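J.: Below is a structure I'd like to ask you about.
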Amino acid sequence: MVLGACAAWSLITAGARDGRPEGVLLAVLAVTAGYAAGRISGALLPVAAPSVAALAGLVLTVAVPGLGPQFTAPLGHVGATAALLALGTGAACAAAWAAQRPAARLLLGALAVVITGTAAVVGSIAGFVACAGVLLCSLAAGRLPGRGAGIVALGVTVAMVTGLIWALAGNVLPEGPADALTGQLTEHRVRLWRDALSLARDHAALGVGPGRFGDLGMTVTGTPVPDGKPHSAPLQLAAEQGIVGVVLLGAGLCWILHALWRSPRATPVVLTAGAALASVAAIAAFGTALSFTAVAVGAGLLAGVATAHPLMEEERPVRRADVRARGERLTP
């Protein structure tokens with residue numbers, strides 16, 4: 001229902017503002033296809049499916065032109081590379097938690113470390129930070145008694161990153177932190193955000209229409225090689241589809257977090273996938289990662305794997321609280 005509403009609203013705003021909804025529809029289709037494939041493959045092959053996905057993400061990052069070394073890559077490709085690496089690390093860690101043999105867990109954990117190292121080698125600072133964060137969250141997930149607090153923390157983190165970007169675009173941050181962030185994110189990107197926020201304020205109801213930011217944004221029109229995007233998913237939706245577009249984007253994130261909370265998979269698998277998906281959401285807040293089909297498919301695939309119903313019951317750690325709830329005794 002959420003994905004259908006996203007597609008329907010993009011068509012409505014496109015019809016009202018003479019927009020081009022193809023990009024939004026393609027992203028919705030990619031997430032839907034990836035999620036369906038993840039649910040099926042996660043049920044049949046709960047270890048092999050995320051393992052193959054992790055290897056595929058690594059190969060795409062290294063081999064595909066435009067998603068390789070980031071020393072001279074365009075602005076949008078940086079976020080796509082970081083997102084793919086974060087998804088690959090999350091998939092490898094999730095597969096390691098799902099594996100029952102120690103050797104398989106060790107091998108898959110080593111794959112996650114290799115993907116993290118690859119982020120440093122190709123020069124993706126954001127990718128390295130995201131991969132390292134996913135690794136740390138995965139290690140911590142094995143010690144948590146439940147998943148509720150972890151999922152709430154992931155949602156709050158994404159909300160804080162989005163709020164920080166919105167505050168920077170609205171020029172409400174103190175001068176010192178604002179200058180520091182602008183220096184890291186580049187003045188050009190911040191100007192794009194401010195153009196998007198200005199359009200969102202002037203067209204709060206329906207936006208300017210999908211795909212029309214490049215026609216109206218002053219910073220984009222003055223760029224020698226514009227790509228027509230503000231490089232922020234929430235700000236792009238606010239400018240092109242109004243407040244309803246932003247609400248639907250938030251509803252999509254809440255849907256994923258709720259699906260992870262209700263997932264029958266083991267808690268470490270769920271929280272590891274959630275950390276990777278939260279990293280992608282944070283990267284998309286200051287980049288165009290979701291505009292790349294591989295990222296959208298990968299995010300849907302990992303979400304599907306983490307919420308699938310495996311045909312074989314997974315091995316779960318025995319906790320004292322669970323044993324006492326069943327009225328059993330712990331063996332010495």
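Residues in the structure tokens are numbered from 1 in each chain, the chains being A, B, ... in the order shown, and ligands are numbered from 1 in the order shown.
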Using DSSP on the backbone coordinates, identify all residues within stretch 24-146 of chain A classified as alpha helix (DSSP H); present the result as JSON, numbers by chain.

T.: {"A": [24, 25, 26, 27, 28, 29, 30, 31, 32, 33, 34, 35, 36, 37, 38, 39, 40, 41, 42, 43, 44, 48, 49, 50, 51, 52, 53, 54, 55, 56, 57, 58, 59, 60, 61, 62, 63, 75, 76, 77, 78, 79, 80, 81, 82, 83, 84, 85, 86, 87, 88, 89, 90, 91, 92, 93, 94, 95, 96, 97, 98, 102, 103, 104, 105, 106, 107, 108, 109, 110, 111, 112, 113, 114, 115, 116, 117, 118, 119, 120, 121, 125, 126, 127, 128, 129, 130, 131, 132, 133, 134, 135, 136, 137, 138, 139, 140, 141]}

J.: Write out, as an mmCIF file, in the first residue's frame, the residues just selected, with C-alpha atoms.

T.:
```
data_model
loop_
_atom_site.group_PDB
_atom_site.id
_atom_site.type_symbol
_atom_site.label_atom_id
_atom_site.label_comp_id
_atom_site.auth_asym_id
_atom_site.auth_seq_id
_atom_site.Cartn_x
_atom_site.Cartn_y
_atom_site.Cartn_z
ATOM 1 C CA VAL A 24 10.049 7.680 -9.213
ATOM 2 C CA LEU A 25 8.116 4.845 -10.827
ATOM 3 C CA LEU A 26 11.355 3.050 -11.730
ATOM 4 C CA ALA A 27 12.637 3.385 -8.150
ATOM 5 C CA VAL A 28 9.355 2.030 -6.730
ATOM 6 C CA LEU A 29 9.419 -0.867 -9.202
ATOM 7 C CA ALA A 30 13.060 -1.651 -8.338
ATOM 8 C CA VAL A 31 12.377 -1.732 -4.592
ATOM 9 C CA THR A 32 9.270 -3.874 -5.105
ATOM 10 C CA ALA A 33 11.076 -6.351 -7.347
ATOM 11 C CA GLY A 34 14.039 -6.555 -4.993
ATOM 12 C CA TYR A 35 11.794 -7.088 -1.975
ATOM 13 C CA ALA A 36 9.837 -9.860 -3.681
ATOM 14 C CA ALA A 37 13.054 -11.580 -4.782
ATOM 15 C CA GLY A 38 14.453 -11.239 -1.270
ATOM 16 C CA ARG A 39 11.400 -12.783 0.375
ATOM 17 C CA ILE A 40 11.539 -15.779 -1.962
ATOM 18 C CA SER A 41 15.303 -16.321 -1.928
ATOM 19 C CA GLY A 42 15.499 -15.634 1.810
ATOM 20 C CA ALA A 43 12.950 -18.364 2.474
ATOM 21 C CA LEU A 44 14.685 -20.912 0.263
ATOM 22 C CA ALA A 48 23.317 -18.299 0.221
ATOM 23 C CA ALA A 49 20.995 -15.491 -0.923
ATOM 24 C CA PRO A 50 22.565 -12.678 1.136
ATOM 25 C CA SER A 51 26.038 -14.099 0.459
ATOM 26 C CA VAL A 52 25.525 -13.838 -3.304
ATOM 27 C CA ALA A 53 24.032 -10.373 -2.860
ATOM 28 C CA ALA A 54 27.112 -9.239 -0.920
ATOM 29 C CA LEU A 55 29.447 -10.538 -3.641
ATOM 30 C CA ALA A 56 27.315 -8.924 -6.339
ATOM 31 C CA GLY A 57 27.490 -5.562 -4.585
ATOM 32 C CA LEU A 58 31.261 -5.834 -4.303
ATOM 33 C CA VAL A 59 31.637 -6.729 -7.980
ATOM 34 C CA LEU A 60 29.342 -3.888 -9.079
ATOM 35 C CA THR A 61 31.308 -1.396 -7.017
ATOM 36 C CA VAL A 62 34.667 -2.438 -8.438
ATOM 37 C CA ALA A 63 33.799 -3.392 -12.011
ATOM 38 C CA LEU A 75 28.742 13.888 -7.224
ATOM 39 C CA GLY A 76 25.919 11.348 -7.485
ATOM 40 C CA HIS A 77 28.137 8.284 -7.937
ATOM 41 C CA VAL A 78 29.808 8.814 -4.567
ATOM 42 C CA GLY A 79 26.570 8.122 -2.699
ATOM 43 C CA ALA A 80 25.704 5.143 -4.890
ATOM 44 C CA THR A 81 29.068 3.510 -4.216
ATOM 45 C CA ALA A 82 28.768 4.091 -0.467
ATOM 46 C CA ALA A 83 25.234 2.669 -0.435
ATOM 47 C CA LEU A 84 26.211 -0.456 -2.381
ATOM 48 C CA LEU A 85 29.148 -1.112 -0.068
ATOM 49 C CA ALA A 86 26.973 -0.670 3.017
ATOM 50 C CA LEU A 87 24.364 -3.060 1.610
ATOM 51 C CA GLY A 88 27.073 -5.595 0.752
ATOM 52 C CA THR A 89 28.512 -5.437 4.260
ATOM 53 C CA GLY A 90 25.065 -5.829 5.787
ATOM 54 C CA ALA A 91 24.247 -8.787 3.554
ATOM 55 C CA ALA A 92 27.528 -10.531 4.409
ATOM 56 C CA CYS A 93 27.039 -9.993 8.156
ATOM 57 C CA ALA A 94 23.422 -11.149 7.981
ATOM 58 C CA ALA A 95 24.494 -14.296 6.148
ATOM 59 C CA ALA A 96 27.158 -14.914 8.788
ATOM 60 C CA TRP A 97 24.583 -14.721 11.576
ATOM 61 C CA ALA A 98 22.246 -17.053 9.656
ATOM 62 C CA PRO A 102 31.541 -21.786 12.474
ATOM 63 C CA ALA A 103 33.670 -22.008 9.328
ATOM 64 C CA ALA A 104 30.939 -20.433 7.224
ATOM 65 C CA ARG A 105 30.450 -17.670 9.768
ATOM 66 C CA LEU A 106 34.152 -16.933 9.787
ATOM 67 C CA LEU A 107 34.325 -16.827 5.984
ATOM 68 C CA LEU A 108 31.315 -14.524 5.665
ATOM 69 C CA GLY A 109 32.616 -12.265 8.410
ATOM 70 C CA ALA A 110 35.889 -12.017 6.508
ATOM 71 C CA LEU A 111 33.902 -11.052 3.386
ATOM 72 C CA ALA A 112 32.282 -8.207 5.327
ATOM 73 C CA VAL A 113 35.716 -6.987 6.419
ATOM 74 C CA VAL A 114 36.968 -7.191 2.811
ATOM 75 C CA ILE A 115 34.036 -5.074 1.599
ATOM 76 C CA THR A 116 34.772 -2.506 4.300
ATOM 77 C CA GLY A 117 38.421 -2.433 3.258
ATOM 78 C CA THR A 118 37.364 -2.034 -0.369
ATOM 79 C CA ALA A 119 35.521 1.145 0.587
ATOM 80 C CA ALA A 120 38.790 2.596 1.867
ATOM 81 C CA VAL A 121 40.724 1.418 -1.200
ATOM 82 C CA ILE A 125 34.954 7.857 2.867
ATOM 83 C CA ALA A 126 31.185 7.739 3.341
ATOM 84 C CA GLY A 127 31.193 4.073 2.291
ATOM 85 C CA PHE A 128 33.942 3.198 4.756
ATOM 86 C CA VAL A 129 32.135 4.936 7.619
ATOM 87 C CA ALA A 130 28.846 3.249 6.699
ATOM 88 C CA CYS A 131 30.436 -0.204 6.399
ATOM 89 C CA ALA A 132 32.287 0.194 9.694
ATOM 90 C CA GLY A 133 29.049 1.283 11.349
ATOM 91 C CA VAL A 134 27.208 -1.758 9.985
ATOM 92 C CA LEU A 135 29.984 -4.049 11.250
ATOM 93 C CA LEU A 136 29.857 -2.551 14.744
ATOM 94 C CA CYS A 137 26.051 -2.716 14.847
ATOM 95 C CA SER A 138 26.165 -6.339 13.716
ATOM 96 C CA LEU A 139 28.609 -7.255 16.478
ATOM 97 C CA ALA A 140 26.475 -5.459 19.063
ATOM 98 C CA ALA A 141 23.277 -7.101 17.762
#
```

J.: Using atom CA of A:Leu192 and atom CA of A:Pro230 as the two end points, give the distance in Å to one decimal.

T.: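 Between atom CA of A:Leu192 and atom CA of A:Pro230 the gap works out to 5.0 Å.
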
J.: Quick one: residues within 9 Å of stretch 232-249 of chain A, only C-alpha atoms counted, chain neighbours fewer than 5 positions away excluded, as a tab-separated table (two decimals) with all heavy atoms, in the first residue's frame?

T.:
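Saved result, selection00.tsv, follows:
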```tsv
chain	number	residue	atom	x	y	z
A	2	VAL	N	1.96	1.25	0.78
A	2	VAL	CA	2.84	2.42	0.83
A	2	VAL	C	3.50	2.65	-0.53
A	2	VAL	O	3.53	3.78	-1.05
A	2	VAL	CB	3.89	2.25	1.94
A	2	VAL	CG1	4.93	3.37	1.86
A	2	VAL	CG2	3.22	2.26	3.30
A	3	LEU	N	4.05	1.59	-1.11
A	3	LEU	CA	4.70	1.73	-2.41
A	3	LEU	C	3.70	2.13	-3.50
A	3	LEU	O	4.01	2.93	-4.38
A	3	LEU	CB	5.40	0.42	-2.78
A	3	LEU	CG	6.60	0.04	-1.90
A	3	LEU	CD1	7.12	-1.33	-2.29
A	3	LEU	CD2	7.70	1.08	-2.01
A	5	ALA	N	1.02	3.90	-3.00
A	5	ALA	CA	0.70	5.30	-2.76
A	5	ALA	C	1.80	6.21	-3.30
A	5	ALA	O	1.52	7.28	-3.86
A	5	ALA	CB	0.49	5.55	-1.27
A	6	CYS	N	3.06	5.78	-3.15
A	6	CYS	CA	4.18	6.57	-3.70
A	6	CYS	C	4.06	6.69	-5.21
A	6	CYS	O	4.26	7.78	-5.79
A	6	CYS	CB	5.51	5.93	-3.32
A	6	CYS	SG	5.92	6.00	-1.56
A	9	TRP	N	0.94	8.94	-6.11
A	9	TRP	CA	1.12	10.38	-5.87
A	9	TRP	C	2.07	11.00	-6.89
A	9	TRP	O	1.90	12.16	-7.28
A	9	TRP	CB	1.64	10.60	-4.45
A	9	TRP	CG	1.77	12.05	-4.09
A	9	TRP	CD1	2.92	12.75	-3.87
A	9	TRP	CD2	0.71	12.99	-3.92
A	9	TRP	NE1	2.65	14.06	-3.59
A	9	TRP	CE2	1.29	14.24	-3.61
A	9	TRP	CE3	-0.68	12.90	-4.02
A	9	TRP	CZ2	0.53	15.39	-3.38
A	9	TRP	CZ3	-1.44	14.05	-3.79
A	9	TRP	CH2	-0.83	15.26	-3.48
A	10	SER	N	3.08	10.25	-7.32
A	10	SER	CA	3.97	10.79	-8.34
A	10	SER	C	3.22	11.02	-9.65
A	10	SER	O	3.47	12.01	-10.35
A	10	SER	CB	5.15	9.84	-8.57
A	10	SER	OG	4.73	8.63	-9.18
A	13	THR	N	0.95	14.27	-9.06
A	13	THR	CA	1.71	15.52	-9.12
A	13	THR	C	2.27	15.77	-10.52
A	13	THR	O	2.38	16.91	-10.96
A	13	THR	CB	2.85	15.50	-8.10
A	13	THR	OG1	3.66	14.32	-8.30
A	13	THR	CG2	2.31	15.49	-6.68
A	14	ALA	N	2.63	14.69	-11.22
A	14	ALA	CA	3.11	14.85	-12.59
A	14	ALA	C	2.01	15.38	-13.49
A	14	ALA	O	2.25	16.25	-14.35
A	14	ALA	CB	3.64	13.52	-13.12
A	19	GLY	N	4.92	17.10	-14.91
A	19	GLY	CA	6.21	16.54	-14.51
A	19	GLY	C	6.55	15.26	-15.24
A	19	GLY	O	5.80	14.79	-16.12
A	162	THR	N	18.43	13.38	8.75
A	162	THR	CA	17.54	14.15	7.87
A	162	THR	C	17.26	15.53	8.45
A	162	THR	O	17.27	16.53	7.72
A	162	THR	CB	16.22	13.39	7.67
A	162	THR	OG1	16.50	12.08	7.16
A	162	THR	CG2	15.32	14.11	6.68
A	165	ILE	N	20.28	17.84	7.93
A	165	ILE	CA	20.39	18.33	6.55
A	165	ILE	C	19.33	19.40	6.28
A	165	ILE	O	19.60	20.43	5.65
A	165	ILE	CB	20.25	17.15	5.58
A	165	ILE	CG1	21.50	16.27	5.67
A	165	ILE	CG2	20.02	17.63	4.15
A	165	ILE	CD1	21.39	14.98	4.93
A	166	TRP	N	18.13	19.17	6.80
A	166	TRP	CA	17.05	20.15	6.61
A	166	TRP	C	17.42	21.46	7.31
A	166	TRP	O	17.17	22.54	6.78
A	166	TRP	CB	15.75	19.59	7.17
A	166	TRP	CG	14.53	20.11	6.47
A	166	TRP	CD1	13.99	21.36	6.56
A	166	TRP	CD2	13.71	19.39	5.55
A	166	TRP	NE1	12.89	21.47	5.77
A	166	TRP	CE2	12.68	20.29	5.15
A	166	TRP	CE3	13.72	18.09	5.04
A	166	TRP	CZ2	11.67	19.90	4.25
A	166	TRP	CZ3	12.73	17.72	4.16
A	166	TRP	CH2	11.72	18.61	3.76
A	192	LEU	N	22.26	23.65	-3.61
A	192	LEU	CA	21.20	22.83	-4.21
A	192	LEU	C	20.10	22.55	-3.19
A	192	LEU	O	18.91	22.61	-3.51
A	192	LEU	CB	21.79	21.52	-4.73
A	192	LEU	CG	22.66	21.57	-5.98
A	192	LEU	CD1	23.30	20.21	-6.23
A	192	LEU	CD2	21.85	22.00	-7.19
A	193	TRP	N	20.50	22.23	-1.96
A	193	TRP	CA	19.51	21.97	-0.92
A	193	TRP	C	18.65	23.19	-0.64
A	193	TRP	O	17.44	23.08	-0.45
A	193	TRP	CB	20.21	21.52	0.36
A	193	TRP	CG	20.89	20.20	0.25
A	193	TRP	CD1	20.78	19.30	-0.77
A	193	TRP	CD2	21.78	19.61	1.19
A	193	TRP	NE1	21.55	18.19	-0.53
A	193	TRP	CE2	22.18	18.36	0.67
A	193	TRP	CE3	22.30	20.02	2.42
A	193	TRP	CZ2	23.05	17.51	1.35
A	193	TRP	CZ3	23.17	19.19	3.11
A	193	TRP	CH2	23.54	17.94	2.57
A	194	ARG	N	19.28	24.35	-0.62
A	194	ARG	CA	18.53	25.57	-0.32
A	194	ARG	C	17.57	25.92	-1.46
A	194	ARG	O	16.46	26.42	-1.21
A	194	ARG	CB	19.51	26.71	-0.05
A	194	ARG	CG	20.21	26.53	1.29
A	194	ARG	CD	21.30	27.54	1.55
A	194	ARG	NE	21.90	27.29	2.87
A	194	ARG	CZ	23.02	27.83	3.29
A	194	ARG	NH1	23.71	28.65	2.49
A	194	ARG	NH2	23.49	27.55	4.51
A	195	ASP	N	17.97	25.64	-2.69
A	195	ASP	CA	17.04	25.82	-3.81
A	195	ASP	C	15.84	24.89	-3.67
A	195	ASP	O	14.69	25.30	-3.90
A	195	ASP	CB	17.75	25.54	-5.14
A	195	ASP	CG	18.67	26.67	-5.55
A	195	ASP	OD1	18.64	27.73	-4.91
A	195	ASP	OD2	19.45	26.48	-6.51
A	196	ALA	N	16.11	23.63	-3.29
A	196	ALA	CA	15.02	22.66	-3.13
A	196	ALA	C	14.08	23.09	-2.01
A	196	ALA	O	12.85	22.99	-2.14
A	196	ALA	CB	15.59	21.28	-2.85
A	197	LEU	N	14.64	23.55	-0.89
A	197	LEU	CA	13.79	23.98	0.22
A	197	LEU	C	12.98	25.21	-0.14
A	197	LEU	O	11.80	25.33	0.25
A	197	LEU	CB	14.67	24.27	1.45
A	197	LEU	CG	13.93	24.53	2.76
A	197	LEU	CD1	13.04	23.36	3.12
A	197	LEU	CD2	14.92	24.81	3.88
A	198	SER	N	13.56	26.11	-0.93
A	198	SER	CA	12.82	27.29	-1.37
A	198	SER	C	11.65	26.90	-2.27
A	198	SER	O	10.53	27.43	-2.12
A	198	SER	CB	13.76	28.24	-2.11
A	198	SER	OG	13.06	29.36	-2.62
A	199	LEU	N	11.87	25.97	-3.18
A	199	LEU	CA	10.78	25.49	-4.03
A	199	LEU	C	9.71	24.78	-3.22
A	199	LEU	O	8.51	24.90	-3.50
A	199	LEU	CB	11.33	24.56	-5.11
A	199	LEU	CG	12.21	25.20	-6.20
A	199	LEU	CD1	12.79	24.13	-7.10
A	199	LEU	CD2	11.41	26.21	-7.01
A	200	ALA	N	10.14	24.02	-2.20
A	200	ALA	CA	9.18	23.32	-1.35
A	200	ALA	C	8.30	24.30	-0.59
A	200	ALA	O	7.09	24.05	-0.40
A	200	ALA	CB	9.92	22.40	-0.38
A	201	ARG	N	8.86	25.40	-0.14
A	201	ARG	CA	8.06	26.40	0.58
A	201	ARG	C	7.07	27.08	-0.36
A	201	ARG	O	5.93	27.37	0.04
A	201	ARG	CB	8.99	27.44	1.20
A	201	ARG	CG	9.80	26.92	2.38
A	201	ARG	CD	10.87	27.92	2.78
A	201	ARG	NE	11.62	27.46	3.95
A	201	ARG	CZ	12.73	28.03	4.39
A	201	ARG	NH1	13.25	29.09	3.75
A	201	ARG	NH2	13.36	27.56	5.46
A	202	ASP	N	7.46	27.33	-1.57
A	202	ASP	CA	6.58	28.02	-2.52
A	202	ASP	C	5.51	27.10	-3.10
A	202	ASP	O	4.47	27.58	-3.55
A	202	ASP	CB	7.40	28.61	-3.66
A	202	ASP	CG	8.35	29.70	-3.19
A	202	ASP	OD1	8.11	30.28	-2.11
A	202	ASP	OD2	9.36	29.95	-3.89
A	203	HIS	N	5.78	25.78	-3.12
A	203	HIS	CA	4.83	24.81	-3.70
A	203	HIS	C	4.65	23.64	-2.72
A	203	HIS	O	4.96	22.49	-3.04
A	203	HIS	CB	5.35	24.30	-5.05
A	203	HIS	CG	5.68	25.39	-6.02
A	203	HIS	ND1	4.75	25.97	-6.86
A	203	HIS	CD2	6.86	26.02	-6.29
A	203	HIS	CE1	5.33	26.90	-7.60
A	203	HIS	NE2	6.61	26.95	-7.28
A	204	ALA	N	4.16	23.96	-1.53
A	204	ALA	CA	4.08	22.96	-0.47
A	204	ALA	C	3.05	21.87	-0.75
A	204	ALA	O	3.22	20.73	-0.30
A	204	ALA	CB	3.75	23.64	0.87
A	205	ALA	N	2.02	22.16	-1.47
A	205	ALA	CA	0.93	21.20	-1.65
A	205	ALA	C	1.30	20.09	-2.64
A	205	ALA	O	1.28	18.90	-2.30
A	205	ALA	CB	-0.34	21.92	-2.11
A	206	LEU	N	1.63	20.47	-3.86
A	206	LEU	CA	1.90	19.50	-4.92
A	206	LEU	C	3.34	19.50	-5.41
A	206	LEU	O	3.71	18.64	-6.22
A	206	LEU	CB	0.97	19.76	-6.12
A	206	LEU	CG	-0.52	19.57	-5.87
A	206	LEU	CD1	-1.31	19.99	-7.10
A	206	LEU	CD2	-0.83	18.13	-5.50
A	207	GLY	N	4.15	20.43	-4.95
A	207	GLY	CA	5.51	20.53	-5.46
A	207	GLY	C	5.53	21.10	-6.87
A	207	GLY	O	4.50	21.51	-7.42
A	208	VAL	N	6.68	21.10	-7.47
A	208	VAL	CA	6.82	21.62	-8.83
A	208	VAL	C	6.66	20.53	-9.88
A	208	VAL	O	6.69	20.81	-11.08
A	208	VAL	CB	8.19	22.30	-9.01
A	208	VAL	CG1	8.33	23.48	-8.07
A	208	VAL	CG2	9.34	21.31	-8.81
A	209	GLY	N	6.50	19.28	-9.44
A	209	GLY	CA	6.34	18.17	-10.37
A	209	GLY	C	7.57	17.28	-10.40
A	209	GLY	O	8.70	17.78	-10.34
A	210	PRO	N	7.39	15.97	-10.48
A	210	PRO	CA	8.53	15.04	-10.53
A	210	PRO	C	9.45	15.33	-11.71
A	210	PRO	O	9.00	15.53	-12.84
A	210	PRO	CB	7.86	13.67	-10.67
A	210	PRO	CG	6.48	13.85	-10.16
A	210	PRO	CD	6.10	15.26	-10.50
A	211	GLY	N	10.75	15.38	-11.44
A	211	GLY	CA	11.73	15.59	-12.49
A	211	GLY	C	11.89	17.02	-12.95
A	211	GLY	O	12.63	17.28	-13.90
A	212	ARG	N	11.25	17.98	-12.27
A	212	ARG	CA	11.29	19.37	-12.74
A	212	ARG	C	12.21	20.25	-11.91
A	212	ARG	O	12.30	21.46	-12.15
A	212	ARG	CB	9.88	19.97	-12.74
A	212	ARG	CG	8.92	19.30	-13.71
A	212	ARG	CD	7.72	20.19	-13.96
A	212	ARG	NE	8.12	21.43	-14.63
A	212	ARG	CZ	7.60	22.63	-14.34
A	212	ARG	NH1	6.70	22.75	-13.38
A	212	ARG	NH2	8.01	23.70	-14.99
A	213	PHE	N	12.90	19.71	-10.92
A	213	PHE	CA	13.80	20.53	-10.12
A	213	PHE	C	14.91	21.12	-11.00
A	213	PHE	O	15.30	22.27	-10.83
A	213	PHE	CB	14.42	19.71	-9.00
A	213	PHE	CG	15.47	20.45	-8.21
A	213	PHE	CD1	15.10	21.35	-7.24
A	213	PHE	CD2	16.82	20.23	-8.45
A	213	PHE	CE1	16.07	22.05	-6.52
A	213	PHE	CE2	17.79	20.91	-7.74
A	213	PHE	CZ	17.41	21.84	-6.77
A	254	CYS	N	9.19	3.79	7.83
A	254	CYS	CA	8.48	3.18	8.97
A	254	CYS	C	7.99	1.78	8.63
A	254	CYS	O	8.00	0.88	9.49
A	254	CYS	CB	7.32	4.08	9.39
A	254	CYS	SG	7.81	5.65	10.11
A	281	ALA	N	19.56	4.88	3.95
A	281	ALA	CA	18.63	6.00	4.11
A	281	ALA	C	19.37	7.28	4.47
A	281	ALA	O	19.05	8.36	3.97
A	281	ALA	CB	17.59	5.66	5.18
A	283	ILE	N	22.55	7.95	3.76
A	283	ILE	CA	23.31	8.36	2.58
A	283	ILE	C	22.39	9.03	1.56
A	283	ILE	O	22.75	10.03	0.93
A	283	ILE	CB	24.02	7.14	1.95
A	283	ILE	CG1	25.11	6.63	2.90
A	283	ILE	CG2	24.61	7.48	0.59
A	283	ILE	CD1	25.70	5.30	2.48
A	284	ALA	N	21.17	8.49	1.39
A	284	ALA	CA	20.22	9.08	0.44
A	284	ALA	C	19.76	10.45	0.89
A	284	ALA	O	19.30	11.25	0.07
A	284	ALA	CB	19.01	8.16	0.27
A	285	ALA	N	19.88	10.76	2.19
A	285	ALA	CA	19.47	12.07	2.69
A	285	ALA	C	20.40	13.17	2.20
A	285	ALA	O	19.99	14.34	2.14
A	285	ALA	CB	19.41	12.07	4.21
A	286	PHE	N	21.67	12.84	1.88
A	286	PHE	CA	22.57	13.86	1.34
A	286	PHE	C	23.20	13.43	0.03
A	286	PHE	O	24.30	13.83	-0.32
A	286	PHE	CB	23.67	14.22	2.35
A	286	PHE	CG	24.53	13.08	2.80
A	286	PHE	CD1	25.64	12.70	2.08
A	286	PHE	CD2	24.23	12.38	3.95
A	286	PHE	CE1	26.45	11.66	2.49
A	286	PHE	CE2	25.03	11.34	4.38
A	286	PHE	CZ	26.14	10.98	3.65
A	287	GLY	N	22.48	12.61	-0.74
A	287	GLY	CA	22.97	12.17	-2.04
A	287	GLY	C	21.83	11.65	-2.90
A	287	GLY	O	20.66	11.76	-2.55
A	288	THR	N	22.19	11.08	-4.03
A	288	THR	CA	21.19	10.55	-4.98
A	288	THR	C	21.29	9.03	-5.08
A	288	THR	O	21.09	8.47	-6.15
A	288	THR	CB	21.40	11.18	-6.37
A	288	THR	OG1	22.74	10.89	-6.81
A	288	THR	CG2	21.19	12.66	-6.34
A	289	ALA	N	21.61	8.38	-3.97
A	289	ALA	CA	21.84	6.94	-4.01
A	289	ALA	C	20.63	6.18	-4.53
A	289	ALA	O	20.76	5.22	-5.31
A	289	ALA	CB	22.21	6.43	-2.62
A	290	LEU	N	19.43	6.59	-4.12
A	290	LEU	CA	18.23	5.86	-4.52
A	290	LEU	C	17.88	6.05	-5.99
A	290	LEU	O	17.00	5.37	-6.50
A	290	LEU	CB	17.05	6.30	-3.65
A	290	LEU	CG	17.16	5.94	-2.16
A	290	LEU	CD1	15.93	6.41	-1.41
A	290	LEU	CD2	17.35	4.44	-1.98
A	291	SER	N	18.55	6.98	-6.66
A	291	SER	CA	18.31	7.15	-8.09
A	291	SER	C	18.99	6.07	-8.92
A	291	SER	O	18.70	5.95	-10.12
A	291	SER	CB	18.81	8.53	-8.55
A	291	SER	OG	18.13	9.56	-7.88
```

J.: Excluding stretch 142-156 of chain A and any residue of its chain fewer than 4 positions from it, enumerate the residues within 8 Å of it, using only C-alpha atoms, and give them as a PyMOL selection string.

T.: chain A and resi 138+160+254+257+260-261+267-268+270-271+274-275+278+319

J.: For those residues, write N, CA, C and O atoms to a file as a compact mmCIF listing (two decimals), in the first residue's frame.

T.:
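Listed below is the output, again.txt:
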```txt
# COMPACT_ATOMS: atom_id res chain seq x y z
N SER A 138 26.36 -4.90 13.82
CA SER A 138 26.17 -6.34 13.72
C SER A 138 26.78 -7.07 14.91
O SER A 138 26.19 -8.01 15.46
N MET A 160 17.49 11.99 12.71
CA MET A 160 18.43 13.03 13.11
C MET A 160 19.28 13.50 11.93
O MET A 160 19.51 14.70 11.76
N CYS A 254 9.19 3.79 7.83
CA CYS A 254 8.48 3.18 8.97
C CYS A 254 7.99 1.78 8.63
O CYS A 254 8.00 0.88 9.49
N LEU A 257 10.98 -0.60 8.94
CA LEU A 257 11.32 -0.84 10.34
C LEU A 257 10.27 -1.72 11.02
O LEU A 257 10.62 -2.60 11.82
N LEU A 260 10.77 -5.29 9.86
CA LEU A 260 11.92 -5.89 10.55
C LEU A 260 11.57 -6.27 11.98
O LEU A 260 12.00 -7.31 12.49
N TRP A 261 10.81 -5.43 12.65
CA TRP A 261 10.42 -5.71 14.04
C TRP A 261 9.58 -6.98 14.14
O TRP A 261 9.71 -7.77 15.07
N THR A 267 17.21 -12.16 15.75
CA THR A 267 17.43 -10.74 16.02
C THR A 267 18.73 -10.21 15.44
O THR A 267 18.74 -9.11 14.85
N PRO A 268 19.88 -10.91 15.53
CA PRO A 268 21.10 -10.37 14.91
C PRO A 268 20.97 -10.17 13.40
O PRO A 268 21.49 -9.19 12.86
N VAL A 270 18.15 -9.50 11.77
CA VAL A 270 17.24 -8.38 11.56
C VAL A 270 17.94 -7.04 11.82
O VAL A 270 17.85 -6.11 11.01
N LEU A 271 18.64 -6.94 12.93
CA LEU A 271 19.29 -5.67 13.27
C LEU A 271 20.45 -5.36 12.34
O LEU A 271 20.72 -4.18 12.04
N GLY A 274 18.84 -4.07 9.30
CA GLY A 274 18.31 -2.76 9.61
C GLY A 274 19.39 -1.69 9.64
O GLY A 274 19.18 -0.56 9.17
N ALA A 275 20.57 -2.03 10.18
CA ALA A 275 21.68 -1.07 10.20
C ALA A 275 22.12 -0.71 8.80
O ALA A 275 22.40 0.46 8.49
N ALA A 278 19.41 1.48 7.24
CA ALA A 278 19.45 2.82 7.83
C ALA A 278 20.62 3.62 7.27
O ALA A 278 20.52 4.83 7.04
N ARG A 319 18.64 -17.69 25.83
CA ARG A 319 18.75 -16.66 26.84
C ARG A 319 18.01 -17.09 28.10
O ARG A 319 17.00 -17.78 28.05
```

J.: Mind pulling up the distance from atom CA of A:Ala8 to atom CA of A:His309?

T.: 29.5 Å

J.: Could you jot down the atom CA of A:Glu187 to atom CA of A:Val295 separation for me, Å, one decimal place?

T.: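 Atom CA of A:Glu187 sits 25.9 Å away from atom CA of A:Val295.
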